[in-house]
file data_36.cif (mmCIF, C-alpha atoms)
data_run
#
loop_
_atom_site.group_PDB
_atom_site.id
_atom_site.type_symbol
_atom_site.label_atom_id
_atom_site.label_comp_id
_atom_site.auth_asym_id
_atom_site.auth_seq_id
_atom_site.Cartn_x
_atom_site.Cartn_y
_atom_site.Cartn_z
ATOM 1 C CA MET A 1 11.478 -23.870 -16.219
ATOM 2 C CA PRO A 2 9.912 -21.083 -14.129
ATOM 3 C CA ASN A 3 6.239 -20.271 -14.530
ATOM 4 C CA THR A 4 6.305 -16.747 -15.957
ATOM 5 C CA ASN A 5 2.584 -16.220 -15.283
ATOM 6 C CA LEU A 6 3.158 -17.024 -11.627
ATOM 7 C CA GLU A 7 6.168 -14.688 -11.509
ATOM 8 C CA ILE A 8 4.175 -11.863 -13.099
ATOM 9 C CA THR A 9 1.332 -12.373 -10.636
ATOM 10 C CA GLN A 10 3.763 -12.473 -7.704
ATOM 11 C CA LYS A 11 5.348 -9.191 -8.827
ATOM 12 C CA ALA A 12 1.917 -7.576 -9.202
ATOM 13 C CA MET A 13 0.947 -8.735 -5.705
ATOM 14 C CA GLU A 14 4.155 -7.266 -4.277
ATOM 15 C CA ASP A 15 3.458 -3.992 -6.086
ATOM 16 C CA PHE A 16 -0.149 -4.025 -4.843
ATOM 17 C CA LYS A 17 1.052 -4.351 -1.256
ATOM 18 C CA LYS A 18 3.548 -1.489 -1.675
ATOM 19 C CA ILE A 19 0.963 0.792 -3.296
ATOM 20 C CA GLN A 20 -1.418 0.204 -0.407
ATOM 21 C CA GLU A 21 1.315 1.106 2.100
ATOM 22 C CA TYR A 22 2.106 4.309 0.187
ATOM 23 C CA MET A 23 -1.600 5.164 -0.026
ATOM 24 C CA LEU A 24 -1.918 4.850 3.747
ATOM 25 C CA LEU A 25 1.052 7.177 4.222
ATOM 26 C CA ALA A 26 -0.286 9.697 1.722
ATOM 27 C CA ARG A 27 -3.673 9.662 3.428
ATOM 28 C CA GLU A 28 -2.065 10.206 6.852
ATOM 29 C CA GLU A 29 -0.075 13.140 5.455
ATOM 30 C CA ASN A 30 -3.163 14.597 3.725
ATOM 31 C CA SER A 31 -1.357 14.475 0.400
ATOM 32 C CA VAL A 32 -4.414 14.414 -1.856
ATOM 33 C CA LYS A 33 -2.568 14.602 -5.183
ATOM 34 C CA THR A 34 -0.195 11.808 -4.206
ATOM 35 C CA TYR A 35 -3.046 9.690 -2.873
ATOM 36 C CA GLU A 36 -5.059 10.095 -6.076
ATOM 37 C CA LYS A 37 -2.081 9.142 -8.243
ATOM 38 C CA LEU A 38 -1.423 6.080 -6.103
ATOM 39 C CA LYS A 39 -5.111 5.190 -6.251
ATOM 40 C CA ASP A 40 -4.891 5.076 -10.061
ATOM 41 C CA GLU A 41 -2.044 2.570 -9.803
ATOM 42 C CA TYR A 42 -3.898 0.665 -7.072
ATOM 43 C CA LEU A 43 -6.992 0.279 -9.281
ATOM 44 C CA TYR A 44 -4.865 -0.852 -12.217
ATOM 45 C CA LEU A 45 -3.088 -3.498 -10.149
ATOM 46 C CA LYS A 46 -6.336 -4.584 -8.508
ATOM 47 C CA SER A 47 -7.993 -5.129 -11.885
ATOM 48 C CA PHE A 48 -4.947 -7.038 -13.163
ATOM 49 C CA LEU A 49 -4.912 -9.300 -10.118
ATOM 50 C CA ASN A 50 -8.654 -9.909 -10.405
ATOM 51 C CA VAL A 51 -8.221 -11.014 -14.020
ATOM 52 C CA ALA A 52 -5.343 -13.249 -12.907
ATOM 53 C CA GLY A 53 -7.729 -14.916 -10.455
ATOM 54 C CA VAL A 54 -6.154 -13.629 -7.249
ATOM 55 C CA ASN A 55 -8.587 -13.413 -4.345
ATOM 56 C CA LEU A 56 -7.959 -9.976 -2.835
ATOM 57 C CA THR A 57 -10.491 -10.299 -0.006
ATOM 58 C CA ASP A 58 -7.854 -10.488 2.730
ATOM 59 C CA LEU A 59 -5.140 -8.495 0.939
ATOM 60 C CA ASP A 60 -7.115 -5.386 0.032
ATOM 61 C CA LYS A 61 -6.886 -2.775 2.799
ATOM 62 C CA PHE A 62 -9.132 -0.253 1.008
ATOM 63 C CA LYS A 63 -11.947 -2.331 -0.506
ATOM 64 C CA GLU A 64 -12.379 0.326 -3.238
#
call {"tool": "encode", "arguments": {"input": "data_36.cif", "output": "structure tokens"}}
result
Amino acid sequence: MPNTNLEITQKAMEDFKKIQEYMLLAREENSVKTYEKLKDEYLYLKSFLNVAGVNLTDLDKFKE
């Protein structure tokens, strides 16, 4: 039986990585509105992963 908590955390980590990549692109393109919207999602995922006990020290490219 698969561990659904582990699967949820894995999905959130994958999403966190993607959001960070999109944030970097938006920042490079000076797309402030897009960056701010992505930052909202980034903060949500970061808080979720923190509650799940994931150490984001090495994964977090923004440290915000």
call {"tool": "resolve_selection", "arguments": {"input": "data_36.cif", "expression": "the PyMOL selection byres ((chain A and resi 23) around 12)", "output": "PyMOL selection string"}}
result
chain A and resi 16-22+24-43+60-62
call {"tool": "closest_residue", "arguments": {"input": "data_36.cif", "among": "A:Lys46, A:Asp58, A:Lys63, A:Val51", "to": "Met13 (chain A)", "atoms": "only C-alpha atoms"}}
result
A:Lys46
call {"tool": "atom_distance", "arguments": {"input": "data_36.cif", "atom1": "CA of Leu49 (chain A)", "atom2": "CA of Asn3 (chain A)"}}
result
16.3 Å
call {"tool": "resolve_selection", "arguments": {"input": "data_36.cif", "expression": "the PyMOL selection byres ((chain A and resi 52) around 12)", "output": "JSON, numbers by chain"}}
result
{"A": [5, 6, 7, 8, 9, 10, 12, 13, 45, 46, 47, 48, 49, 50, 51, 53, 54, 55, 56]}
call {"tool": "build_atoms", "arguments": {"input": "data_36.cif", "residues": "region 23-34 of chain A", "atoms": "all heavy atoms", "output": "PDB file, in the coordinates of the input"}}
result
ATOM      1  N   MET A  23      -0.308   4.481  -0.110  1.00  0.00           N
ATOM      2  CA  MET A  23      -1.600   5.164  -0.026  1.00  0.00           C
ATOM      3  C   MET A  23      -1.942   5.509   1.424  1.00  0.00           C
ATOM      4  O   MET A  23      -2.443   6.597   1.713  1.00  0.00           O
ATOM      5  CB  MET A  23      -2.709   4.295  -0.627  1.00  0.00           C
ATOM      6  CG  MET A  23      -2.674   4.227  -2.138  1.00  0.00           C
ATOM      7  SD  MET A  23      -3.896   3.083  -2.816  1.00  0.00           S
ATOM      8  CE  MET A  23      -5.417   3.978  -2.484  1.00  0.00           C
ATOM      9  N   LEU A  24      -1.664   4.587   2.331  1.00  0.00           N
ATOM     10  CA  LEU A  24      -1.918   4.850   3.747  1.00  0.00           C
ATOM     11  C   LEU A  24      -1.079   6.025   4.239  1.00  0.00           C
ATOM     12  O   LEU A  24      -1.573   6.893   4.966  1.00  0.00           O
ATOM     13  CB  LEU A  24      -1.639   3.597   4.587  1.00  0.00           C
ATOM     14  CG  LEU A  24      -2.637   2.461   4.440  1.00  0.00           C
ATOM     15  CD1 LEU A  24      -2.123   1.203   5.143  1.00  0.00           C
ATOM     16  CD2 LEU A  24      -3.995   2.857   4.996  1.00  0.00           C
ATOM     17  N   LEU A  25       0.184   6.058   3.833  1.00  0.00           N
ATOM     18  CA  LEU A  25       1.052   7.177   4.222  1.00  0.00           C
ATOM     19  C   LEU A  25       0.562   8.493   3.632  1.00  0.00           C
ATOM     20  O   LEU A  25       0.523   9.515   4.329  1.00  0.00           O
ATOM     21  CB  LEU A  25       2.493   6.916   3.773  1.00  0.00           C
ATOM     22  CG  LEU A  25       3.254   5.842   4.527  1.00  0.00           C
ATOM     23  CD1 LEU A  25       4.610   5.581   3.846  1.00  0.00           C
ATOM     24  CD2 LEU A  25       3.456   6.238   5.970  1.00  0.00           C
ATOM     25  N   ALA A  26       0.191   8.475   2.375  1.00  0.00           N
ATOM     26  CA  ALA A  26      -0.286   9.697   1.722  1.00  0.00           C
ATOM     27  C   ALA A  26      -1.569  10.192   2.386  1.00  0.00           C
ATOM     28  O   ALA A  26      -1.758  11.397   2.566  1.00  0.00           O
ATOM     29  CB  ALA A  26      -0.526   9.444   0.229  1.00  0.00           C
ATOM     30  N   ARG A  27      -2.429   9.272   2.763  1.00  0.00           N
ATOM     31  CA  ARG A  27      -3.673   9.662   3.428  1.00  0.00           C
ATOM     32  C   ARG A  27      -3.381  10.267   4.797  1.00  0.00           C
ATOM     33  O   ARG A  27      -3.971  11.267   5.175  1.00  0.00           O
ATOM     34  CB  ARG A  27      -4.601   8.455   3.548  1.00  0.00           C
ATOM     35  CG  ARG A  27      -5.999   8.841   3.962  1.00  0.00           C
ATOM     36  CD  ARG A  27      -7.013   7.773   3.723  1.00  0.00           C
ATOM     37  NE  ARG A  27      -6.693   6.535   4.426  1.00  0.00           N
ATOM     38  CZ  ARG A  27      -7.434   5.450   4.367  1.00  0.00           C
ATOM     39  NH1 ARG A  27      -8.522   5.435   3.634  1.00  0.00           N
ATOM     40  NH2 ARG A  27      -7.101   4.373   5.023  1.00  0.00           N
ATOM     41  N   GLU A  28      -2.451   9.676   5.545  1.00  0.00           N
ATOM     42  CA  GLU A  28      -2.065  10.206   6.852  1.00  0.00           C
ATOM     43  C   GLU A  28      -1.471  11.607   6.738  1.00  0.00           C
ATOM     44  O   GLU A  28      -1.670  12.449   7.608  1.00  0.00           O
ATOM     45  CB  GLU A  28      -1.060   9.282   7.538  1.00  0.00           C
ATOM     46  CG  GLU A  28      -1.644   7.997   8.054  1.00  0.00           C
ATOM     47  CD  GLU A  28      -0.588   7.059   8.593  1.00  0.00           C
ATOM     48  OE1 GLU A  28       0.575   7.470   8.766  1.00  0.00           O
ATOM     49  OE2 GLU A  28      -0.924   5.883   8.846  1.00  0.00           O
ATOM     50  N   GLU A  29      -0.738  11.846   5.662  1.00  0.00           N
ATOM     51  CA  GLU A  29      -0.075  13.140   5.455  1.00  0.00           C
ATOM     52  C   GLU A  29      -0.970  14.135   4.728  1.00  0.00           C
ATOM     53  O   GLU A  29      -0.537  15.240   4.418  1.00  0.00           O
ATOM     54  CB  GLU A  29       1.216  12.921   4.677  1.00  0.00           C
ATOM     55  CG  GLU A  29       2.242  12.101   5.429  1.00  0.00           C
ATOM     56  CD  GLU A  29       3.439  11.720   4.583  1.00  0.00           C
ATOM     57  OE1 GLU A  29       3.462  12.036   3.375  1.00  0.00           O
ATOM     58  OE2 GLU A  29       4.357  11.092   5.143  1.00  0.00           O
ATOM     59  N   ASN A  30      -2.210  13.752   4.452  1.00  0.00           N
ATOM     60  CA  ASN A  30      -3.163  14.597   3.725  1.00  0.00           C
ATOM     61  C   ASN A  30      -2.614  15.064   2.385  1.00  0.00           C
ATOM     62  O   ASN A  30      -2.827  16.203   1.971  1.00  0.00           O
ATOM     63  CB  ASN A  30      -3.599  15.795   4.563  1.00  0.00           C
ATOM     64  CG  ASN A  30      -4.548  15.401   5.670  1.00  0.00           C
ATOM     65  OD1 ASN A  30      -5.319  14.461   5.522  1.00  0.00           O
ATOM     66  ND2 ASN A  30      -4.482  16.097   6.782  1.00  0.00           N
ATOM     67  N   SER A  31      -1.916  14.181   1.718  1.00  0.00           N
ATOM     68  CA  SER A  31      -1.357  14.475   0.400  1.00  0.00           C
ATOM     69  C   SER A  31      -2.342  13.976  -0.663  1.00  0.00           C
ATOM     70  O   SER A  31      -2.226  12.868  -1.174  1.00  0.00           O
ATOM     71  CB  SER A  31       0.001  13.812   0.242  1.00  0.00           C
ATOM     72  OG  SER A  31       0.550  14.117  -1.000  1.00  0.00           O
ATOM     73  N   VAL A  32      -3.316  14.814  -0.981  1.00  0.00           N
ATOM     74  CA  VAL A  32      -4.414  14.414  -1.856  1.00  0.00           C
ATOM     75  C   VAL A  32      -3.919  14.059  -3.252  1.00  0.00           C
ATOM     76  O   VAL A  32      -4.315  13.036  -3.821  1.00  0.00           O
ATOM     77  CB  VAL A  32      -5.491  15.522  -1.914  1.00  0.00           C
ATOM     78  CG1 VAL A  32      -6.592  15.160  -2.894  1.00  0.00           C
ATOM     79  CG2 VAL A  32      -6.054  15.781  -0.541  1.00  0.00           C
ATOM     80  N   LYS A  33      -3.055  14.877  -3.822  1.00  0.00           N
ATOM     81  CA  LYS A  33      -2.568  14.602  -5.183  1.00  0.00           C
ATOM     82  C   LYS A  33      -1.808  13.277  -5.237  1.00  0.00           C
ATOM     83  O   LYS A  33      -1.994  12.483  -6.157  1.00  0.00           O
ATOM     84  CB  LYS A  33      -1.670  15.735  -5.669  1.00  0.00           C
ATOM     85  CG  LYS A  33      -2.417  16.994  -6.006  1.00  0.00           C
ATOM     86  CD  LYS A  33      -1.458  18.050  -6.519  1.00  0.00           C
ATOM     87  CE  LYS A  33      -2.182  19.341  -6.811  1.00  0.00           C
ATOM     88  NZ  LYS A  33      -1.269  20.373  -7.298  1.00  0.00           N
ATOM     89  N   THR A  34      -0.960  13.055  -4.251  1.00  0.00           N
ATOM     90  CA  THR A  34      -0.195  11.808  -4.206  1.00  0.00           C
ATOM     91  C   THR A  34      -1.128  10.621  -4.016  1.00  0.00           C
ATOM     92  O   THR A  34      -0.991   9.600  -4.691  1.00  0.00           O
ATOM     93  CB  THR A  34       0.843  11.855  -3.068  1.00  0.00           C
ATOM     94  OG1 THR A  34       1.711  12.962  -3.282  1.00  0.00           O
ATOM     95  CG2 THR A  34       1.647  10.568  -2.997  1.00  0.00           C
TER      96      THR A  34
END
